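Participant: data_28.cif is reproduced in full below (mmCIF, C-alpha atoms).
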data_model
loop_
_atom_site.group_PDB
_atom_site.id
_atom_site.type_symbol
_atom_site.label_atom_id
_atom_site.label_comp_id
_atom_site.auth_asym_id
_atom_site.auth_seq_id
_atom_site.Cartn_x
_atom_site.Cartn_y
_atom_site.Cartn_z
ATOM 1 C CA MET A 27 0.000 0.000 0.000
ATOM 2 C CA THR A 28 1.375 3.410 -0.975
ATOM 3 C CA GLN A 29 1.623 6.356 1.406
ATOM 4 C CA THR A 30 -1.193 8.100 -0.454
ATOM 5 C CA GLU A 31 -3.461 5.065 -0.264
ATOM 6 C CA SER A 32 -2.779 4.715 3.459
ATOM 7 C CA GLU A 33 -3.436 8.413 4.116
ATOM 8 C CA TYR A 34 -6.544 8.291 1.934
ATOM 9 C CA ARG A 35 -7.963 5.321 3.827
ATOM 10 C CA GLU A 36 -7.282 7.047 7.150
ATOM 11 C CA VAL A 37 -9.109 10.225 6.084
ATOM 12 C CA ILE A 38 -12.044 8.278 4.663
ATOM 13 C CA ALA A 39 -12.304 6.224 7.859
ATOM 14 C CA GLY A 40 -12.706 9.477 9.803
ATOM 15 C CA CYS A 41 -15.322 10.762 7.362
ATOM 16 C CA LYS A 42 -17.239 7.490 7.485
ATOM 17 C CA GLU A 43 -17.209 7.487 11.279
ATOM 18 C CA ILE A 44 -18.928 10.892 11.268
ATOM 19 C CA PHE A 45 -21.341 9.708 8.561
ATOM 20 C CA GLN A 46 -22.307 6.698 10.668
ATOM 21 C CA LYS A 47 -22.723 8.718 13.858
ATOM 22 C CA LYS A 48 -24.946 11.225 12.063
ATOM 23 C CA ASN A 49 -26.906 8.304 10.664
ATOM 24 C CA GLN A 50 -27.479 7.117 14.245
ATOM 25 C CA ASP A 51 -28.653 10.612 15.209
ATOM 26 C CA TYR A 52 -30.777 11.422 12.141
ATOM 27 C CA GLY A 53 -31.273 8.201 10.210
ATOM 28 C CA SER A 54 -31.173 8.498 6.445
ATOM 29 C CA SER A 55 -33.380 11.599 6.353
ATOM 30 C CA TRP A 56 -30.979 13.080 3.770
ATOM 31 C CA ARG A 57 -32.548 10.721 1.246
ATOM 32 C CA VAL A 58 -35.311 13.315 0.684
ATOM 33 C CA LEU A 59 -32.749 15.708 -0.827
ATOM 34 C CA ARG A 60 -32.669 16.091 -4.577
ATOM 35 C CA LEU A 61 -29.224 16.241 -6.177
ATOM 36 C CA PRO A 62 -29.263 20.030 -6.663
ATOM 37 C CA SER A 63 -29.941 20.405 -2.933
ATOM 38 C CA ILE A 64 -26.942 18.252 -2.104
ATOM 39 C CA THR A 65 -24.847 20.235 -4.578
ATOM 40 C CA ASP A 66 -25.892 23.434 -2.803
ATOM 41 C CA GLN A 67 -24.939 21.930 0.587
ATOM 42 C CA VAL A 68 -21.479 21.126 -0.752
ATOM 43 C CA PHE A 69 -21.277 24.619 -2.265
ATOM 44 C CA ILE A 70 -22.088 26.221 1.106
ATOM 45 C CA LYS A 71 -19.299 24.242 2.764
ATOM 46 C CA ALA A 72 -16.772 25.093 0.040
ATOM 47 C CA GLN A 73 -17.722 28.767 0.153
ATOM 48 C CA ARG A 74 -17.293 28.798 3.955
ATOM 49 C CA ILE A 75 -13.837 27.247 3.606
ATOM 50 C CA ARG A 76 -12.867 29.928 1.106
ATOM 51 C CA THR A 77 -14.159 32.636 3.448
ATOM 52 C CA LEU A 78 -12.157 31.151 6.333
ATOM 53 C CA GLN A 79 -9.053 31.061 4.164
ATOM 54 C CA GLU A 80 -9.503 34.664 3.094
ATOM 55 C CA ASN A 81 -10.460 36.057 6.524
ATOM 56 C CA GLY A 82 -8.028 33.935 8.532
ATOM 57 C CA PHE A 83 -10.489 33.332 11.369
ATOM 58 C CA ALA A 84 -13.872 31.814 12.132
ATOM 59 C CA LYS A 85 -16.725 33.031 14.322
ATOM 60 C CA VAL A 86 -18.162 29.504 14.466
ATOM 61 C CA GLN A 87 -15.887 26.899 16.036
ATOM 62 C CA GLU A 88 -15.963 24.370 13.198
ATOM 63 C CA GLY A 89 -12.964 24.886 10.938
ATOM 64 C CA GLU A 90 -11.792 23.814 7.518
ATOM 65 C CA ARG A 91 -11.254 20.161 8.457
ATOM 66 C CA SER A 92 -14.860 19.562 9.469
ATOM 67 C CA GLU A 93 -16.111 21.323 6.332
ATOM 68 C CA PHE A 94 -13.894 19.224 4.044
ATOM 69 C CA MET A 95 -15.130 16.102 5.825
ATOM 70 C CA GLY A 96 -18.691 17.291 5.335
ATOM 71 C CA MET A 97 -18.047 17.791 1.625
ATOM 72 C CA VAL A 98 -16.744 14.229 1.355
ATOM 73 C CA ASN A 99 -19.856 12.887 3.052
ATOM 74 C CA TYR A 100 -22.324 15.000 1.077
ATOM 75 C CA CYS A 101 -20.656 13.945 -2.183
ATOM 76 C CA VAL A 102 -20.893 10.300 -1.124
ATOM 77 C CA MET A 103 -24.582 10.917 -0.348
ATOM 78 C CA ALA A 104 -25.037 12.355 -3.844
ATOM 79 C CA LEU A 105 -23.365 9.333 -5.439
ATOM 80 C CA ILE A 106 -25.570 7.023 -3.357
ATOM 81 C CA GLN A 107 -28.655 8.992 -4.441
ATOM 82 C CA MET A 108 -27.604 8.586 -8.065
ATOM 83 C CA LYS A 109 -27.026 4.866 -7.605
ATOM 84 C CA LEU A 110 -30.387 4.287 -5.908
ATOM 85 C CA GLY A 111 -32.222 6.267 -8.575
ATOM 86 C CA THR A 112 -35.968 6.152 -8.071
ATOM 87 C CA ASP A 113 -35.685 4.283 -4.757
ATOM 88 C CA THR A 114 -36.743 7.061 -2.361
ATOM 89 C CA ARG A 115 -36.836 5.100 0.899
ATOM 90 C CA THR A 116 -35.621 7.146 3.844
ATOM 91 C CA ASP A 117 -35.325 4.182 6.185
ATOM 92 C CA LEU A 118 -32.126 2.529 4.962
ATOM 93 C CA ASP A 119 -30.515 0.476 7.695
ATOM 94 C CA SER A 120 -27.008 1.148 8.980
ATOM 95 C CA ARG A 121 -25.471 -1.919 7.354
ATOM 96 C CA GLN A 122 -26.919 -1.121 3.936
ATOM 97 C CA LEU A 123 -25.749 2.496 4.179
ATOM 98 C CA SER A 124 -22.289 1.370 5.264
ATOM 99 C CA ASP A 125 -22.056 -0.944 2.259
ATOM 100 C CA LEU A 126 -23.254 1.785 -0.124
ATOM 101 C CA TYR A 127 -20.742 4.227 1.378
ATOM 102 C CA ASP A 128 -17.895 1.741 0.976
ATOM 103 C CA GLN A 129 -18.899 0.944 -2.595
ATOM 104 C CA GLN A 130 -18.915 4.600 -3.645
ATOM 105 C CA VAL A 131 -15.676 5.416 -1.826
ATOM 106 C CA GLY A 132 -14.034 2.335 -3.361
ATOM 107 C CA GLU A 133 -14.865 3.551 -6.859
ATOM 108 C CA VAL A 134 -13.605 7.041 -6.034
ATOM 109 C CA MET A 135 -10.372 5.678 -4.557
ATOM 110 C CA ASP A 136 -9.745 3.591 -7.681
ATOM 111 C CA LEU A 137 -10.131 6.782 -9.733
ATOM 112 C CA LEU A 138 -7.743 8.588 -7.396
ATOM 113 C CA LEU A 139 -5.062 5.913 -7.617
ATOM 114 C CA ASN A 140 -5.202 5.912 -11.419
ATOM 115 C CA LYS A 141 -5.112 9.706 -11.695
ATOM 116 C CA ASN A 142 -2.484 9.969 -8.961
ATOM 117 C CA HIS A 143 -0.236 7.659 -10.954
ATOM 118 C CA ASP A 144 -0.680 9.687 -14.133
ATOM 119 C CA TYR A 145 -0.229 13.068 -12.417
ATOM 120 C CA ASN A 146 2.657 11.871 -10.209
ATOM 121 C CA GLU A 147 1.059 13.168 -6.984
ATOM 122 C CA ALA A 148 1.030 16.765 -8.197
ATOM 123 C CA TRP A 149 -1.577 17.555 -5.520
ATOM 124 C CA ARG A 150 1.146 17.348 -2.865
ATOM 125 C CA GLN A 151 2.645 20.559 -4.271
ATOM 126 C CA MET A 152 -0.712 22.338 -4.490
ATOM 127 C CA ARG A 153 -2.003 24.811 -1.945
ATOM 128 C CA VAL A 154 -5.152 23.958 -0.001
ATOM 129 C CA ALA A 155 -6.583 27.310 -1.113
ATOM 130 C CA SER A 156 -6.033 26.375 -4.783
ATOM 131 C CA MET A 157 -7.765 23.040 -4.276
ATOM 132 C CA THR A 158 -10.649 24.893 -2.601
ATOM 133 C CA ASP A 159 -10.959 27.081 -5.701
ATOM 134 C CA ILE A 160 -10.953 23.983 -7.925
ATOM 135 C CA ILE A 161 -13.705 22.456 -5.784
ATOM 136 C CA LEU A 162 -15.778 25.631 -6.170
ATOM 137 C CA MET A 163 -15.213 25.564 -9.941
ATOM 138 C CA LYS A 164 -16.315 21.917 -10.103
ATOM 139 C CA LEU A 165 -19.430 22.793 -8.095
ATOM 140 C CA LEU A 166 -20.314 25.577 -10.526
ATOM 141 C CA ARG A 167 -19.873 23.087 -13.369
ATOM 142 C CA ILE A 168 -22.115 20.560 -11.603
ATOM 143 C CA LYS A 169 -24.750 23.247 -11.056
ATOM 144 C CA GLN A 170 -24.621 24.148 -14.753
ATOM 145 C CA ILE A 171 -25.009 20.497 -15.763
ATOM 146 C CA GLU A 172 -27.926 20.146 -13.346
ATOM 147 C CA ASP A 173 -29.520 23.282 -14.788
ATOM 148 C CA ASN A 174 -29.071 21.686 -18.245
ATOM 149 C CA HIS A 175 -30.923 18.584 -17.014
ATOM 150 C CA GLY A 176 -27.751 16.501 -17.080
ATOM 151 C CA LYS A 177 -26.968 17.136 -20.731
ATOM 152 C CA THR A 178 -23.374 17.778 -21.739
ATOM 153 C CA LEU A 179 -21.651 17.974 -25.104
ATOM 154 C CA VAL A 180 -18.126 16.846 -24.216
ATOM 155 C CA SER A 181 -17.853 17.128 -20.439
ATOM 156 C CA GLU A 182 -17.873 14.422 -17.834
ATOM 157 C CA GLY A 183 -21.124 14.183 -15.950
ATOM 158 C CA VAL A 184 -22.212 15.118 -12.460
ATOM 159 C CA SER A 185 -20.923 11.921 -10.830
ATOM 160 C CA ALA A 186 -17.377 12.617 -12.067
ATOM 161 C CA GLY A 187 -17.600 16.076 -10.522
ATOM 162 C CA TYR A 188 -18.663 14.655 -7.156
ATOM 163 C CA GLN A 189 -15.860 12.084 -7.334
ATOM 164 C CA ASP A 190 -13.274 14.793 -8.043
ATOM 165 C CA ILE A 191 -14.581 16.889 -5.147
ATOM 166 C CA ILE A 192 -14.202 13.916 -2.820
ATOM 167 C CA ASN A 193 -10.625 13.415 -3.954
ATOM 168 C CA TYR A 194 -9.668 17.085 -3.679
ATOM 169 C CA SER A 195 -11.284 17.233 -0.227
ATOM 170 C CA VAL A 196 -9.277 14.199 0.882
ATOM 171 C CA PHE A 197 -6.088 15.789 -0.477
ATOM 172 C CA CYS A 198 -6.854 18.918 1.534
ATOM 173 C CA LEU A 199 -7.494 16.885 4.681
ATOM 174 C CA ILE A 200 -4.174 15.076 4.207
ATOM 175 C CA GLN A 201 -2.378 18.396 3.774
ATOM 176 C CA LEU A 202 -4.115 19.958 6.798
ATOM 177 C CA LYS A 203 -2.829 17.245 9.155
#
What does this structure look like when you write it as structure tokens?
Facilitator:
Amino acid sequence: MTQTESEYREVIAGCKEIFQKKNQDYGSSWRVLRLPSITDQVFIKAQRIRTLQENGFAKVQEGERSEFMGMVNYCVMALIQMKLGTDTRTDLDSRQLSDLYDQQVGEVMDLLLNKNHDYNEAWRQMRVASMTDIILMKLLRIKQIEDNHGKTLVSEGVSAGYQDIINYSVFCLIQLK
């Protein structure tokens, strides 16, 4: 296992732990959210991170780390929503949700490992603020695709955008250690 894979798994384990605890508190009530609503939740978190980076302080105790973790989890929720399609049940049990989470994260990690090989870990030389800007750009692209009812001419779809946001968020969490 490479250093990146080990660090990635560690970050995801922390994100999943929060996801599972929130599931115990709230159940799978998030299942009522439509994809654009999830996109907006991720956008709010990314915008807050950018504001924190620009202002240098927070008036609410939660910092960048918790927001990046939230973005990971909301993007996983979006990918799960896409996978489940018309299944709108809001009573998914913990085991099923855990399996769905692992399945989506596994696919995203495979993408990361392939891209990381091709880009030779360029993200390690990037600034967290630059990755935040890239996340915001990807969110604006996702919103445009959603506004176009999922139609694109040459671009990757919404799921690829969510996957990239997960990976950039994990990179930021690794760098913020």
Participant: Could you give me, as a PyMOL selection string, the residues within 9 Å of A:Ile38, counting only C-alpha atoms and dropping anything in the same chain fewer than 2 positions from it?
Facilitator: chain A and resi 33-36+40-43+95+98+131+196
Participant: Would you work out the distance separating atom CA of A:Leu123 from atom CA of A:Asp66, expressed in Å to one decimal?
Facilitator: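 Between these atoms lies a distance of 22.1 Å.
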Participant: Would you write out, as a PyMOL selection string, every residue that the PyMOL selection byres ((chain A and resi 75) around 10) captures in this file?
Facilitator: chain A and resi 69-74+76-81+84+89-94+154-155+158-159
Participant: Keeping only C-alpha atoms, write those residues as a PDB file, in the frame of the given file.
Facilitator:
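Output contents, as saved in selection.pdb:
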ATOM      1  CA  PHE A  69     -21.277  24.619  -2.265  1.00  0.00           C
ATOM      2  CA  ILE A  70     -22.088  26.221   1.106  1.00  0.00           C
ATOM      3  CA  LYS A  71     -19.299  24.242   2.764  1.00  0.00           C
ATOM      4  CA  ALA A  72     -16.772  25.093   0.040  1.00  0.00           C
ATOM      5  CA  GLN A  73     -17.722  28.767   0.153  1.00  0.00           C
ATOM      6  CA  ARG A  74     -17.293  28.798   3.955  1.00  0.00           C
ATOM      7  CA  ARG A  76     -12.867  29.928   1.106  1.00  0.00           C
ATOM      8  CA  THR A  77     -14.159  32.636   3.448  1.00  0.00           C
ATOM      9  CA  LEU A  78     -12.157  31.151   6.333  1.00  0.00           C
ATOM     10  CA  GLN A  79      -9.053  31.061   4.164  1.00  0.00           C
ATOM     11  CA  GLU A  80      -9.503  34.664   3.094  1.00  0.00           C
ATOM     12  CA  ASN A  81     -10.460  36.057   6.524  1.00  0.00           C
ATOM     13  CA  ALA A  84     -13.872  31.814  12.132  1.00  0.00           C
ATOM     14  CA  GLY A  89     -12.964  24.886  10.938  1.00  0.00           C
ATOM     15  CA  GLU A  90     -11.792  23.814   7.518  1.00  0.00           C
ATOM     16  CA  ARG A  91     -11.254  20.161   8.457  1.00  0.00           C
ATOM     17  CA  SER A  92     -14.860  19.562   9.469  1.00  0.00           C
ATOM     18  CA  GLU A  93     -16.111  21.323   6.332  1.00  0.00           C
ATOM     19  CA  PHE A  94     -13.894  19.224   4.044  1.00  0.00           C
ATOM     20  CA  VAL A 154      -5.152  23.958  -0.001  1.00  0.00           C
ATOM     21  CA  ALA A 155      -6.583  27.310  -1.113  1.00  0.00           C
ATOM     22  CA  THR A 158     -10.649  24.893  -2.601  1.00  0.00           C
ATOM     23  CA  ASP A 159     -10.959  27.081  -5.701  1.00  0.00           C
TER      24      ASP A 159
END
Participant: I'd like to see the residues matched by the PyMOL selection byres ((chain A and resi 160) around 12) on this file, and ideally I'd get them as a list of chain:residue names.
Facilitator: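 When the PyMOL selection byres ((chain A and resi 160) around 12) is applied, the selected residues are A:Phe69, A:Ala72, A:Gln73, A:Arg76, A:Trp149, A:Met152, A:Arg153, A:Val154, A:Ala155, A:Ser156, A:Met157, A:Thr158, A:Asp159, A:Ile161, A:Leu162, A:Met163, A:Lys164, A:Leu165, A:Leu166, A:Arg167, A:Gly187, A:Asp190, A:Ile191, A:Ile192, A:Asn193, A:Tyr194, A:Ser195, A:Cys198.
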Participant: I'd like to see the residues matched by the PyMOL selection byres ((chain A and resi 100) around 10) on this file, and ideally I'd get them as a PyMOL selection string.
Facilitator: chain A and resi 45+56+64-68+71+94-99+101-106+188+192
Participant: By how many Å are atom CA of A:Val58 and atom CA of A:Ile44 apart?
Facilitator: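 Value for the atom CA of A:Val58-atom CA of A:Ile44 distance: 19.7 Å.
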Participant: Near stretch 108-120 of chain A, counting all atoms listed in the file, which residues have an atom at most 6 Å away, once you skip same-chain residues fewer than 6 positions from it, shown as a ChimeraX atom specification?
Facilitator: /A:54-55,57
Participant: Distance atom CA of A:Ile200-atom CA of A:Asn146, one decimal place?
Facilitator: 16.3 Å
Participant: Restricting the calculation to only C-alpha atoms: of A:Ser124, A:Phe83, A:Ser32, A:Pro62, which residue gets closest to A:Gln46?
Facilitator: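 For A:Gln46, the nearest of the candidates is A:Ser124.
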Participant: With distances taken over only C-alpha atoms, which residue among A:Leu139, A:Ala186, A:Val180, A:Ile171 lies nearest A:Gln29?
Facilitator: A:Leu139
Participant: Just need the box for stretch 125-128 of chain A, edges along x, y and z, holding every atom the file lists for it with 6 Å tacked onto each side, so centre and edge lengths in Å to one decimal, as lines of an AutoDock Vina configuration file.
Facilitator:
center_x = -20.6
center_y = 1.6
center_z = 1.1
size_x = 17.4
size_y = 17.2
size_z = 14.4
